[in-house]
$ cat structure29.cif   # mmCIF, C-alpha atoms
data_work
loop_
_atom_site.label_atom_id
_atom_site.label_comp_id
_atom_site.auth_asym_id
_atom_site.auth_seq_id
_atom_site.Cartn_x
_atom_site.Cartn_y
_atom_site.Cartn_z
CA MET A 1 -62.66 -37.65 14.15
CA SER A 2 -60.76 -37.15 10.90
CA LYS A 3 -62.28 -34.80 8.35
CA THR A 4 -64.22 -36.28 5.46
CA LEU A 5 -62.96 -35.84 1.92
CA TYR A 6 -65.93 -33.49 1.38
CA GLU A 7 -64.69 -31.19 4.15
CA ARG A 8 -61.05 -31.40 3.07
CA ILE A 9 -61.94 -30.46 -0.51
CA GLY A 10 -63.82 -27.38 0.70
CA GLY A 11 -67.49 -28.29 1.27
CA GLU A 12 -70.45 -26.75 -0.56
CA PRO A 13 -68.61 -23.90 -2.35
CA ALA A 14 -66.05 -26.35 -3.75
CA VAL A 15 -68.83 -28.63 -4.94
CA SER A 16 -70.63 -25.75 -6.69
CA ALA A 17 -67.43 -24.70 -8.48
CA ALA A 18 -66.69 -28.27 -9.52
CA VAL A 19 -70.18 -28.93 -10.83
CA GLU A 20 -70.10 -25.99 -13.26
CA ILE A 21 -66.78 -27.06 -14.76
CA PHE A 22 -67.79 -30.70 -14.87
CA TYR A 23 -71.23 -30.10 -16.42
CA ARG A 24 -69.76 -27.91 -19.18
CA LYS A 25 -67.38 -30.74 -20.05
CA VAL A 26 -70.22 -33.26 -20.10
CA LEU A 27 -72.50 -31.14 -22.31
CA ASN A 28 -69.65 -30.55 -24.74
CA ASP A 29 -68.83 -34.27 -25.03
CA TYR A 30 -70.53 -35.76 -28.09
CA ARG A 31 -70.09 -39.28 -26.64
CA ILE A 32 -72.48 -38.63 -23.76
CA ASN A 33 -74.35 -35.36 -24.16
CA ARG A 34 -77.39 -37.03 -25.74
CA PHE A 35 -78.16 -38.51 -22.32
CA PHE A 36 -78.52 -34.99 -21.00
CA ASP A 37 -80.87 -33.67 -23.67
CA ASN A 38 -84.39 -32.69 -22.70
CA VAL A 39 -83.55 -32.16 -19.07
CA ASP A 40 -84.17 -29.05 -17.06
CA MET A 41 -80.78 -27.40 -16.50
CA ASP A 42 -81.51 -26.19 -12.99
CA LYS A 43 -82.67 -29.61 -11.86
CA GLN A 44 -79.72 -31.19 -13.60
CA ILE A 45 -77.25 -28.94 -11.80
CA ASP A 46 -78.84 -29.92 -8.48
CA LYS A 47 -78.41 -33.59 -9.41
CA GLN A 48 -74.79 -33.07 -10.41
CA LYS A 49 -74.22 -31.40 -7.06
CA ALA A 50 -75.63 -34.45 -5.32
CA PHE A 51 -73.32 -36.64 -7.43
CA PHE A 52 -70.25 -34.60 -6.49
CA THR A 53 -71.24 -34.48 -2.84
CA MET A 54 -71.44 -38.24 -2.96
CA ALA A 55 -68.12 -38.58 -4.79
CA PHE A 56 -66.53 -36.51 -2.05
CA GLY A 57 -68.07 -38.68 0.65
CA GLY A 58 -70.22 -35.78 1.82
CA PRO A 59 -73.74 -35.86 3.20
CA ASN A 60 -76.06 -37.72 0.85
CA ASN A 61 -78.56 -40.45 1.24
CA TYR A 62 -78.51 -42.01 -2.17
CA THR A 63 -78.96 -45.74 -2.11
CA GLY A 64 -77.98 -48.22 -4.79
CA ALA A 65 -81.68 -48.66 -5.53
CA ASP A 66 -82.09 -44.89 -6.15
CA MET A 67 -79.16 -44.98 -8.57
CA ARG A 68 -80.66 -47.89 -10.47
CA LYS A 69 -84.09 -46.33 -10.69
CA ALA A 70 -82.76 -42.92 -11.75
CA HIS A 71 -80.66 -44.32 -14.59
CA ALA A 72 -82.88 -47.19 -15.78
CA HIS A 73 -84.39 -45.16 -18.64
CA LEU A 74 -80.88 -44.27 -19.83
CA VAL A 75 -79.70 -47.90 -19.72
CA GLU A 76 -82.69 -48.68 -21.95
CA ILE A 77 -81.43 -46.27 -24.59
CA GLY A 78 -77.89 -47.63 -24.46
CA LEU A 79 -76.04 -46.26 -21.43
CA ASP A 80 -73.01 -48.52 -20.91
CA ASP A 81 -69.47 -48.73 -19.48
CA SER A 82 -67.98 -46.48 -22.16
CA HIS A 83 -70.29 -43.65 -21.08
CA PHE A 84 -69.55 -44.22 -17.42
CA ASP A 85 -65.83 -44.08 -18.29
CA ALA A 86 -66.34 -40.76 -20.07
CA VAL A 87 -68.04 -39.30 -16.98
CA MET A 88 -65.19 -40.57 -14.78
CA GLU A 89 -62.74 -38.90 -17.16
CA HIS A 90 -64.52 -35.55 -16.78
CA LEU A 91 -64.69 -35.96 -13.01
CA GLY A 92 -60.92 -36.44 -12.89
CA ALA A 93 -60.19 -33.59 -15.30
CA THR A 94 -62.45 -31.23 -13.32
CA LEU A 95 -60.64 -31.94 -10.07
CA VAL A 96 -57.24 -31.55 -11.75
CA GLU A 97 -58.40 -28.18 -13.09
CA LEU A 98 -59.35 -27.14 -9.56
CA GLU A 99 -55.90 -28.21 -8.37
CA VAL A 100 -57.24 -30.82 -5.98
CA PRO A 101 -54.30 -32.97 -4.79
CA ASP A 102 -53.88 -36.33 -6.59
CA THR A 103 -54.51 -38.39 -3.48
CA LEU A 104 -57.89 -36.74 -2.95
CA ILE A 105 -58.79 -37.16 -6.62
CA ALA A 106 -58.07 -40.87 -6.31
CA GLU A 107 -60.32 -41.07 -3.25
CA ALA A 108 -63.17 -39.28 -5.05
CA ALA A 109 -62.75 -41.48 -8.14
CA ALA A 110 -62.94 -44.61 -6.01
CA ILE A 111 -66.19 -43.50 -4.41
CA ALA A 112 -67.73 -42.59 -7.78
CA GLU A 113 -66.50 -45.87 -9.26
CA SER A 114 -68.38 -47.77 -6.55
CA ALA A 115 -71.68 -46.58 -8.09
CA ARG A 116 -70.90 -48.07 -11.55
CA LYS A 117 -72.89 -51.30 -11.18
CA ASP A 118 -75.99 -49.56 -9.88
CA VAL A 119 -75.89 -46.79 -12.48
CA LEU A 120 -75.55 -49.28 -15.30
CA GLY A 121 -78.17 -51.61 -13.81
CA LYS A 122 -75.83 -54.60 -13.56
CA MET O 1 -88.70 -23.96 21.18
CA TYR O 2 -89.97 -21.82 18.31
CA LYS O 3 -93.38 -21.65 16.68
CA LEU O 4 -93.72 -22.43 12.98
CA THR O 5 -96.95 -21.16 11.44
CA ILE O 6 -98.38 -22.31 8.11
CA GLY O 7 -101.67 -20.56 7.38
CA GLU O 8 -103.94 -21.20 10.38
CA LYS O 9 -101.84 -24.00 11.86
CA THR O 10 -98.97 -23.79 14.31
CA TYR O 11 -96.26 -26.37 14.92
CA TYR O 12 -93.49 -26.45 17.51
CA CYS O 13 -89.92 -26.95 16.36
CA GLN O 14 -88.21 -29.10 19.03
CA PRO O 15 -84.60 -28.37 20.01
CA GLY O 16 -82.24 -29.89 17.45
CA GLU O 17 -84.94 -30.28 14.82
CA SER O 18 -84.82 -28.67 11.40
CA VAL O 19 -87.98 -27.08 10.00
CA LEU O 20 -88.31 -30.11 7.71
CA ASP O 21 -87.98 -32.51 10.68
CA THR O 22 -90.83 -30.73 12.45
CA PHE O 23 -93.06 -30.75 9.38
CA LEU O 24 -92.44 -34.43 8.70
CA ARG O 25 -93.10 -35.32 12.33
CA GLU O 26 -96.38 -33.38 12.12
CA ASN O 27 -97.33 -34.94 8.77
CA VAL O 28 -97.30 -31.65 6.90
CA ASN O 29 -97.49 -32.38 3.18
CA ILE O 30 -94.11 -31.05 1.97
CA SER O 31 -91.91 -32.37 -0.81
CA PHE O 32 -88.37 -33.38 0.15
CA ALA O 33 -85.64 -35.81 -0.89
CA CYS O 34 -82.01 -35.53 0.23
CA LYS O 35 -82.51 -33.72 3.58
CA LYS O 36 -79.00 -32.31 3.16
CA GLY O 37 -79.50 -29.10 1.23
CA THR O 38 -78.48 -30.56 -2.10
CA CYS O 39 -81.66 -31.37 -3.99
CA HIS O 40 -83.64 -28.16 -3.21
CA SER O 41 -86.90 -30.16 -3.09
CA CYS O 42 -88.00 -28.72 0.26
CA ILE O 43 -87.68 -25.03 -0.67
CA VAL O 44 -90.15 -22.84 1.26
CA ARG O 45 -90.51 -19.13 2.04
CA SER O 46 -90.55 -16.96 5.10
CA PRO O 47 -92.50 -13.86 3.99
CA ASN O 48 -91.89 -11.74 7.11
CA ILE O 49 -88.44 -12.44 8.52
CA LEU O 50 -85.01 -13.19 7.14
CA PRO O 51 -84.30 -16.93 7.41
CA PRO O 52 -80.91 -18.03 8.86
CA GLU O 53 -78.14 -17.60 6.29
CA SER O 54 -77.14 -21.23 6.63
CA ALA O 55 -80.57 -22.28 5.33
CA GLN O 56 -80.03 -20.40 2.04
CA VAL O 57 -76.73 -21.98 0.99
CA GLY O 58 -76.58 -22.61 -2.75
CA LEU O 59 -79.80 -20.75 -3.67
CA LYS O 60 -79.97 -18.16 -6.44
CA ASN O 61 -79.52 -14.62 -5.13
CA THR O 62 -83.00 -13.57 -6.18
CA LEU O 63 -84.53 -16.49 -4.25
CA LYS O 64 -82.48 -15.45 -1.21
CA LYS O 65 -83.79 -11.92 -1.47
CA LEU O 66 -87.38 -13.20 -1.43
CA ASN O 67 -86.58 -15.10 1.83
CA HIS O 68 -86.74 -18.53 0.26
CA PHE O 69 -84.86 -21.17 2.22
CA LEU O 70 -84.36 -24.90 2.50
CA ALA O 71 -86.50 -26.42 5.27
CA CYS O 72 -83.98 -29.22 5.81
CA LEU O 73 -81.14 -26.80 6.58
CA CYS O 74 -83.16 -24.40 8.72
CA HIS O 75 -82.78 -24.42 12.48
CA PRO O 76 -85.04 -21.52 13.48
CA GLU O 77 -83.65 -18.64 15.53
CA GLN O 78 -87.11 -17.14 16.18
CA ASN O 79 -90.78 -17.88 15.49
CA MET O 80 -91.46 -18.13 11.77
CA VAL O 81 -94.41 -17.85 9.44
CA ILE O 82 -93.79 -20.21 6.55
CA LYS O 83 -95.36 -20.46 3.11
CA LEU O 84 -95.22 -23.74 1.26
CA PRO O 85 -94.73 -23.44 -2.52
CA ASP O 86 -98.23 -24.59 -3.46
CA GLN O 87 -100.17 -22.63 -0.87
CA SER O 88 -103.24 -20.81 -2.13
CA GLU O 89 -102.74 -17.23 -3.14
CA PHE O 90 -103.99 -13.93 -1.94
CA TYR O 91 -105.71 -11.82 -4.61
CA THR O 92 -106.09 -8.03 -4.71
CA GLU O 93 -108.61 -6.13 -6.82
CA GLY O 94 -107.17 -3.63 -9.27
CA THR O 95 -108.79 -1.26 -11.76
CA VAL O 96 -107.94 -1.16 -15.46
CA VAL O 97 -106.70 2.34 -16.30
CA VAL O 98 -105.20 1.77 -19.76
CA ASN O 99 -105.96 -0.77 -22.46
CA GLN O 100 -104.53 0.01 -25.88
CA LEU O 101 -102.83 -1.93 -28.63
CA LEU O 102 -99.00 -1.99 -28.84
CA ASN O 103 -99.12 -3.74 -32.21
CA ARG O 104 -101.64 -5.77 -34.23
CA ASN O 105 -101.97 -8.51 -31.61
CA THR O 106 -100.52 -7.22 -28.35
CA LEU O 107 -102.46 -5.25 -25.76
CA LEU O 108 -100.93 -2.90 -23.19
CA LEU O 109 -102.96 -3.33 -20.02
CA ILE O 110 -102.32 -1.08 -17.03
CA ILE O 111 -103.97 -1.93 -13.73
CA ALA O 112 -103.99 0.50 -10.78
CA PHE O 113 -104.20 -0.41 -7.10
CA LYS O 114 -105.30 1.56 -4.05
CA ASP O 115 -102.26 0.55 -2.02
CA ALA O 116 -98.65 -0.13 -2.90
CA PHE O 117 -98.24 -3.42 -4.79
CA GLU O 118 -95.06 -5.21 -3.75
CA PHE O 119 -93.01 -6.72 -6.58
CA ASN O 120 -89.66 -6.77 -8.31
CA ALA O 121 -89.50 -5.76 -11.98
CA GLY O 122 -89.51 -8.97 -14.05
CA GLN O 123 -91.77 -11.01 -11.75
CA PHE O 124 -95.17 -12.31 -12.81
CA VAL O 125 -98.66 -12.44 -11.28
CA ASN O 126 -101.77 -14.46 -11.93
CA LEU O 127 -104.74 -12.58 -13.32
CA GLN O 128 -108.15 -14.04 -12.56
CA ARG O 129 -111.44 -13.73 -14.39
CA PRO O 130 -114.64 -13.59 -12.28
CA ASP O 131 -115.43 -17.20 -13.25
CA GLY O 132 -112.09 -18.34 -11.78
CA LEU O 133 -110.14 -18.80 -15.03
CA THR O 134 -106.54 -17.80 -14.25
CA ARG O 135 -103.43 -17.04 -16.33
CA SER O 136 -99.90 -15.87 -15.50
CA TYR O 137 -98.57 -12.63 -16.97
CA SER O 138 -95.22 -10.91 -16.47
CA ILE O 139 -95.05 -7.38 -15.12
CA ALA O 140 -93.49 -4.92 -17.58
CA ASN O 141 -92.85 -1.89 -15.33
CA ILE O 142 -90.88 -1.13 -12.19
CA PRO O 143 -92.41 -0.40 -8.77
CA GLN O 144 -93.51 3.24 -8.76
CA ALA O 145 -95.53 5.74 -6.79
CA SER O 146 -98.62 5.37 -8.96
CA ASN O 147 -99.16 1.80 -7.69
CA THR O 148 -99.74 0.43 -11.18
CA LEU O 149 -98.80 -2.77 -12.95
CA GLU O 150 -98.30 -2.96 -16.72
CA PHE O 151 -98.83 -6.08 -18.80
CA HIS O 152 -98.36 -6.99 -22.45
CA ILE O 153 -101.10 -9.37 -23.54
CA ARG O 154 -100.72 -11.21 -26.81
CA ARG O 155 -103.94 -12.40 -28.41
CA LEU O 156 -103.62 -16.15 -28.80
CA PRO O 157 -105.73 -18.01 -31.35
CA ASP O 158 -108.73 -19.34 -29.37
CA GLY O 159 -107.06 -18.14 -26.17
CA ARG O 160 -110.00 -17.82 -23.81
CA PHE O 161 -108.22 -15.52 -21.39
CA SER O 162 -106.38 -13.30 -23.87
CA GLU O 163 -109.55 -12.88 -25.95
CA TRP O 164 -111.43 -11.80 -22.84
CA LEU O 165 -108.76 -9.19 -22.05
CA HIS O 166 -108.61 -7.99 -25.67
CA ASP O 167 -112.31 -7.93 -26.48
CA GLU O 168 -114.26 -7.45 -23.28
CA ILE O 169 -112.20 -5.70 -20.62
CA LYS O 170 -112.65 -1.90 -20.60
CA THR O 171 -111.08 0.98 -18.71
CA GLY O 172 -112.66 1.16 -15.25
CA ASP O 173 -113.27 -2.61 -14.96
CA THR O 174 -111.83 -4.41 -11.94
CA ILE O 175 -109.68 -7.50 -12.13
CA ALA O 176 -108.23 -9.85 -9.47
CA VAL O 177 -104.43 -9.98 -9.31
CA SER O 178 -102.33 -12.43 -7.26
CA GLU O 179 -99.17 -11.62 -5.32
CA ALA O 180 -96.03 -11.29 -7.46
CA ARG O 181 -94.04 -14.46 -8.04
CA GLY O 182 -90.94 -15.71 -9.80
CA HIS O 183 -87.22 -15.21 -9.33
CA CYS O 184 -86.34 -13.75 -12.73
CA PHE O 185 -85.46 -10.16 -11.72
CA TYR O 186 -82.57 -7.73 -11.34
CA LEU O 187 -80.62 -7.28 -8.12
CA PRO O 188 -78.55 -4.08 -7.86
CA GLU O 189 -75.20 -5.77 -7.22
CA ARG O 190 -72.10 -6.40 -9.33
CA LYS O 191 -73.08 -3.41 -11.48
CA GLU O 192 -70.07 -3.80 -13.78
CA GLN O 193 -71.34 -7.21 -14.90
CA GLY O 194 -72.51 -7.62 -18.50
CA LEU O 195 -76.23 -8.35 -18.89
CA VAL O 196 -77.85 -10.29 -21.72
CA LEU O 197 -81.62 -9.97 -22.07
CA ALA O 198 -83.16 -12.21 -24.72
CA GLY O 199 -86.85 -12.62 -25.41
CA THR O 200 -89.44 -13.45 -28.02
CA GLY O 201 -92.82 -11.76 -28.43
CA THR O 202 -94.28 -10.52 -25.15
CA GLY O 203 -91.20 -11.93 -23.45
CA LEU O 204 -90.16 -8.31 -23.81
CA ALA O 205 -92.46 -7.40 -20.90
CA PRO O 206 -90.34 -8.71 -18.00
CA LEU O 207 -87.13 -7.85 -19.85
CA ALA O 208 -88.27 -4.23 -20.24
CA GLY O 209 -88.95 -4.11 -16.50
CA ILE O 210 -85.53 -5.59 -15.72
CA LEU O 211 -83.87 -3.18 -18.15
CA THR O 212 -85.58 -0.14 -16.63
CA ASP O 213 -84.62 -1.35 -13.17
CA ALA O 214 -80.97 -1.96 -14.10
CA LEU O 215 -80.61 1.43 -15.83
CA GLY O 216 -82.36 3.12 -12.90
CA HIS O 217 -79.86 1.57 -10.50
CA GLY O 218 -76.99 2.89 -12.63
CA HIS O 219 -75.84 -0.48 -13.92
CA SER O 220 -72.50 0.27 -15.56
CA GLY O 221 -71.71 -2.97 -17.43
CA PRO O 222 -72.84 -3.53 -21.03
CA ILE O 223 -76.54 -4.42 -21.41
CA TYR O 224 -77.66 -6.24 -24.57
CA LEU O 225 -81.34 -6.64 -25.35
CA PHE O 226 -82.26 -9.09 -28.11
CA HIS O 227 -85.96 -9.02 -28.96
CA GLY O 228 -87.25 -11.35 -31.64
CA SER O 229 -90.32 -12.26 -33.61
CA ARG O 230 -91.10 -13.53 -37.07
CA GLU O 231 -92.37 -10.36 -38.67
CA VAL O 232 -91.67 -6.72 -37.95
CA ASP O 233 -95.37 -6.08 -37.21
CA ASP O 234 -95.16 -8.42 -34.23
CA LEU O 235 -92.40 -6.44 -32.51
CA TYR O 236 -93.27 -3.39 -30.41
CA TRP O 237 -91.55 -0.60 -28.50
CA VAL O 238 -88.87 -0.52 -31.22
CA ASP O 239 -88.63 3.28 -31.20
CA GLU O 240 -88.74 3.45 -27.40
CA MET O 241 -85.83 1.01 -27.13
CA ARG O 242 -83.83 2.84 -29.80
CA ILE O 243 -84.23 6.08 -27.89
CA LEU O 244 -83.08 4.36 -24.68
CA ALA O 245 -80.04 3.02 -26.54
CA GLU O 246 -79.19 6.56 -27.65
CA GLN O 247 -79.49 7.82 -24.10
CA HIS O 248 -77.40 5.08 -22.48
CA GLN O 249 -73.99 4.34 -23.89
CA ASN O 250 -73.85 0.87 -22.31
CA PHE O 251 -77.24 -0.26 -23.65
CA TYR O 252 -77.47 -2.08 -26.98
CA TYR O 253 -80.81 -2.96 -28.58
CA ILE O 254 -80.93 -5.64 -31.27
CA PRO O 255 -84.38 -6.36 -32.76
CA CYS O 256 -84.29 -9.72 -34.60
CA LEU O 257 -86.62 -11.06 -37.28
CA SER O 258 -86.73 -14.74 -38.20
CA GLY O 259 -89.08 -14.31 -41.19
CA GLU O 260 -88.11 -13.59 -44.80
CA HIS O 261 -88.74 -9.87 -44.91
CA VAL O 262 -86.14 -8.02 -42.84
CA PRO O 263 -86.22 -4.20 -43.21
CA GLU O 264 -83.15 -2.07 -42.62
CA GLY O 265 -82.27 -1.63 -38.96
CA PHE O 266 -83.31 -5.16 -38.01
CA THR O 267 -81.11 -8.23 -37.71
CA PRO O 268 -82.10 -11.36 -39.63
CA GLY O 269 -82.28 -14.61 -37.64
CA ARG O 270 -83.71 -16.14 -34.53
CA VAL O 271 -83.09 -14.27 -31.32
CA ASN O 272 -80.99 -17.09 -29.79
CA GLU O 273 -78.79 -17.43 -32.88
CA VAL O 274 -78.21 -13.70 -33.12
CA ALA O 275 -77.45 -13.34 -29.42
CA LEU O 276 -75.00 -16.23 -29.35
CA ALA O 277 -73.24 -15.02 -32.51
CA THR O 278 -72.92 -11.49 -31.09
CA LEU O 279 -71.63 -12.43 -27.65
CA THR O 280 -69.03 -15.16 -27.75
CA ASP O 281 -67.74 -15.20 -24.19
CA LEU O 282 -70.29 -14.94 -21.39
CA LYS O 283 -68.04 -15.68 -18.45
CA ASP O 284 -69.22 -13.53 -15.50
CA TRP O 285 -72.30 -12.30 -17.41
CA ARG O 286 -75.83 -12.29 -16.04
CA VAL O 287 -78.47 -13.71 -18.37
CA PHE O 288 -82.23 -13.10 -18.46
CA LEU O 289 -84.37 -15.19 -20.82
CA CYS O 290 -88.07 -14.99 -21.46
CA GLY O 291 -90.41 -16.32 -24.10
CA HIS O 292 -90.83 -19.45 -26.16
CA PRO O 293 -89.90 -22.53 -24.05
CA GLU O 294 -87.62 -24.02 -26.73
CA MET O 295 -85.73 -20.77 -27.13
CA VAL O 296 -85.39 -20.41 -23.37
CA ASN O 297 -84.11 -23.95 -22.84
CA GLN O 298 -81.69 -23.79 -25.73
CA MET O 299 -80.36 -20.41 -24.57
CA LYS O 300 -79.98 -21.62 -21.00
CA LYS O 301 -77.73 -24.41 -22.18
CA MET O 302 -75.78 -22.34 -24.69
CA THR O 303 -75.15 -19.37 -22.40
CA PHE O 304 -73.95 -21.81 -19.73
CA LEU O 305 -71.59 -23.45 -22.24
CA LYS O 306 -70.31 -20.01 -23.20
CA GLY O 307 -69.26 -19.43 -19.63
CA ALA O 308 -72.23 -17.96 -17.72
CA SER O 309 -72.64 -19.51 -14.29
CA MET O 310 -75.96 -21.33 -13.70
CA LYS O 311 -76.68 -19.11 -10.72
CA ASP O 312 -76.47 -16.08 -13.02
CA ILE O 313 -78.96 -17.45 -15.56
CA TYR O 314 -82.55 -16.37 -14.90
CA ALA O 315 -85.24 -17.82 -17.11
CA ASP O 316 -88.97 -17.50 -17.45
CA ALA O 317 -90.50 -19.73 -20.13
CA PHE O 318 -94.04 -19.08 -21.35
CA LEU O 319 -96.54 -21.62 -20.28
CA ILE O 320 -99.14 -22.04 -22.95
CA THR O 321 -102.28 -23.44 -21.39
CA ALA O 322 -104.38 -25.62 -23.65
CA THR O 323 -107.78 -24.02 -24.04
#
$ encode --input "structure29.cif" --output "structure tokens"
Amino acid sequence: MSKTLYERIGGEPAVSAAVEIFYRKVLNDYRINRFFDNVDMDKQIDKQKAFFTMAFGGPNNYTGADMRKAHAHLVEIGLDDSHFDAVMEHLGATLVELEVPDTLIAEAAAIAESARKDVLGK
Amino acid sequence: MYKLTIGEKTYYCQPGESVLDTFLRENVNISFACKKGTCHSCIVRSPNILPPESAQVGLKNTLKKLNHFLACLCHPEQNMVIKLPDQSEFYTEGTVVVNQLLNRNTLLLIIAFKDAFEFNAGQFVNLQRPDGLTRSYSIANIPQASNTLEFHIRRLPDGRFSEWLHDEIKTGDTIAVSEARGHCFYLPERKEQGLVLAGTGTGLAPLAGILTDALGHGHSGPIYLFHGSREVDDLYWVDEMRILAEQHQNFYYIPCLSGEHVPEGFTPGRVNEVALATLTDLKDWRVFLCGHPEMVNQMKKMTFLKGASMKDIYADAFLITAT
């Protein structure tokens, strides 16, 4: 069996490293950081880890319905495609910073992209 | 097949099952979500034996040290006694040996125990009044031969529990104390790391314990303690901390006052603002925060943005219980 992207990228330690870089970028981005106000940082980091694990095709059991439910309150206050794009931008930049090969970055981006409709409640 | 014991009940972990699988099969009431070690919902504790390393992946070091682990990742290698997070607590009776004021509204309470009381400096316990009313207080000292625990109790307006401790409790009285809890404490590793300790009011209690512990272990990196309140009369241990700073070249003490009147020797401003202005790059630093919830949350975010890793940020926000 061929290795999953999650394994090729480096598993849990790689995800932890990526999440810290990514989350700093997100919190520093005035376009989207308001969606992350009033959240517990520790819980948020755990969620970002789940997101990255998913983007890398690693073990997760998030369903489209979970994604919709979890983001519904953000859609209500204006979460739209521009914000999703900004998150995708930070995902890409994070992986570039970690020197993940381009082909793997493209794979991860495609998986994350597949959650767009559910996240935005479309 | 290994035995898993929760309180009085015993369950059998079938080959190939994780601890979580067994509990779910047996209808044990345990919270869980991802079942893959990501969400940390199913965190539990093994008080007596070290859990398998693979079941502790991604946990904070202090949680690892207390034998916390993720039930979903744990394939037992021996019989285990397991404590669920919300399991009822065991209380020990202690005797009040000191109660004296540290400043106009803060009481130093020292409780002595017959036997050794197990804790890490910086953890908290629940104190219980005979009628069952319970409040959490941080421990201000380090484990020592005298088997005592020190607490700093601020008198809260209409605070039923703090008023009882201030006005009614006398030396010689007994009081029920829970086991120590919380993961905001010092581990003697990476001693060259910089430490930031920031607290408001009686948030100094756990920070003082952590500081004493770190200095006692010969921590060699810089240690900054920022202690804040509105007025100078609400600070305490100012002289004690200044003396410590004279004795230890790597320890810096910065008392901060957010009110209008700021005497010489004190820094004007809120503790979070002063700390963040003083230390601009916190990459590889360890951070301990205790006190007002807003201060703690804001500092958590800001110290992370300044480079501290989330796993190196330990926080303990005050819970103010409505009376």
$ residues_around --input "structure29.cif" --residues "Ser114 of chain A" --least-positions-apart "5" --cutoff "12 Å" --atoms "all atoms listed in the file" --output "MDAnalysis selection string"
chainID A and resid 54:55 57 63:64 67 84 88 107:109 119:120
$ residues_around --input "structure29.cif" --residues "segment 162-165 of chain O" --least-positions-apart "5" --cutoff "10 Å" --atoms "all atoms listed in the file" --output "PyMOL selection string"
chain O and resi 99+106-107+109+129+135+153-157+170
$ closest_residue --input "structure29.cif" --among "O:Leu63, O:Leu305, O:Leu244, O:Met1" --to "chain A" --atoms "only C-alpha atoms"
O:Leu305
$ residues_around --input "structure29.cif" --residues "segment 72-79 of chain A" --least-positions-apart "2" --cutoff "7 Å" --atoms "only C-alpha atoms" --output "JSON, numbers by chain"
{"A": [35, 68, 69, 70, 83, 120, 121]}
$ resolve_selection --input "structure29.cif" --expression "the PyMOL selection byres ((chain A) within 9 of (chain O))" --output "ChimeraX atom specification"
/A:12-13,16,20,23-25,27-28,38,40-43,45-47,49-50,53,59-62
$ write_last_selection --input "structure29.cif" --atoms "C-alpha atoms" --output "compact mmCIF listing (two decimals), in the frame of the given file"
# COMPACT_ATOMS: atom_id res chain seq x y z
CA GLU A 12 -70.45 -26.75 -0.56
CA PRO A 13 -68.61 -23.90 -2.35
CA SER A 16 -70.63 -25.75 -6.69
CA GLU A 20 -70.10 -25.99 -13.26
CA TYR A 23 -71.23 -30.10 -16.42
CA ARG A 24 -69.76 -27.91 -19.18
CA LYS A 25 -67.38 -30.74 -20.05
CA LEU A 27 -72.50 -31.14 -22.31
CA ASN A 28 -69.65 -30.55 -24.74
CA ASN A 38 -84.39 -32.69 -22.70
CA ASP A 40 -84.17 -29.05 -17.06
CA MET A 41 -80.78 -27.40 -16.50
CA ASP A 42 -81.51 -26.19 -12.99
CA LYS A 43 -82.67 -29.61 -11.86
CA ILE A 45 -77.25 -28.94 -11.80
CA ASP A 46 -78.84 -29.92 -8.48
CA LYS A 47 -78.41 -33.59 -9.41
CA LYS A 49 -74.22 -31.40 -7.06
CA ALA A 50 -75.63 -34.45 -5.32
CA THR A 53 -71.24 -34.48 -2.84
CA PRO A 59 -73.74 -35.86 3.20
CA ASN A 60 -76.06 -37.72 0.85
CA ASN A 61 -78.56 -40.45 1.24
CA TYR A 62 -78.51 -42.01 -2.17
$ closest_residue --input "structure29.cif" --among "O:Ser229, O:Ser54, O:Thr174, O:Thr92" --to "Glu260 of chain O" --atoms "all atoms listed in the file"
O:Ser229
$ atom_distance --input "structure29.cif" --atom1 "atom CA of Lys3 of chain O" --atom2 "atom CA of Phe90 of chain O"
22.8 Å
$ atom_distance --input "structure29.cif" --atom1 "atom CA of Asp167 of chain O" --atom2 "atom CA of Gln144 of chain O"
28.1 Å
$ resolve_selection --input "structure29.cif" --expression "the PyMOL selection byres ((chain O and resi 265-268) around 6)" --output "PyMOL selection string"
chain O and resi 255-258+264+269
$ resolve_selection --input "structure29.cif" --expression "the PyMOL selection byres ((chain A and resi 92) around 12)" --output "ChimeraX atom specification"
/A:18,21-22,25,52,55,85-91,93-110,112-113
$ atom_distance --input "structure29.cif" --atom1 "atom CA of Asn105 of chain O" --atom2 "atom CA of Ile223 of chain O"
27.7 Å
$ residues_around --input "structure29.cif" --residues "segment 12-28 of chain O" --least-positions-apart "2" --cutoff "6 Å" --atoms "all atoms listed in the file" --output "PyMOL selection string"
chain O and resi 1-3+30+71-72+74-75
$ residues_around --input "structure29.cif" --residues "Ala275 of chain O" --least-positions-apart "3" --cutoff "8 Å" --atoms "all atoms listed in the file" --output "JSON, numbers by chain"
{"O": [198, 226, 271, 272, 278, 279]}
$ closest_residue --input "structure29.cif" --among "A:Gln44, A:Ser82, A:Leu5, A:Phe51" --to "Ile32 of chain A" --atoms "all atoms listed in the file"
A:Ser82
$ residues_near_point --input "structure29.cif" --point "(-72.1, -7.6, -6.2)" --cutoff "12 Å" --atoms "all atoms listed in the file" --output "mmCIF file with C-alpha atoms, keeping the file's coordinate frame"
data_model
loop_
_atom_site.group_PDB
_atom_site.id
_atom_site.type_symbol
_atom_site.label_atom_id
_atom_site.label_comp_id
_atom_site.auth_asym_id
_atom_site.auth_seq_id
_atom_site.Cartn_x
_atom_site.Cartn_y
_atom_site.Cartn_z
ATOM 1 C CA ASN O 61 -79.520 -14.620 -5.130
ATOM 2 C CA TYR O 186 -82.570 -7.730 -11.340
ATOM 3 C CA LEU O 187 -80.620 -7.280 -8.120
ATOM 4 C CA PRO O 188 -78.550 -4.080 -7.860
ATOM 5 C CA GLU O 189 -75.200 -5.770 -7.220
ATOM 6 C CA ARG O 190 -72.100 -6.400 -9.330
ATOM 7 C CA LYS O 191 -73.080 -3.410 -11.480
ATOM 8 C CA GLU O 192 -70.070 -3.800 -13.780
ATOM 9 C CA GLN O 193 -71.340 -7.210 -14.900
ATOM 10 C CA HIS O 219 -75.840 -0.480 -13.920
ATOM 11 C CA ASP O 284 -69.220 -13.530 -15.500
ATOM 12 C CA ARG O 286 -75.830 -12.290 -16.040
ATOM 13 C CA ASP O 312 -76.470 -16.080 -13.020
#
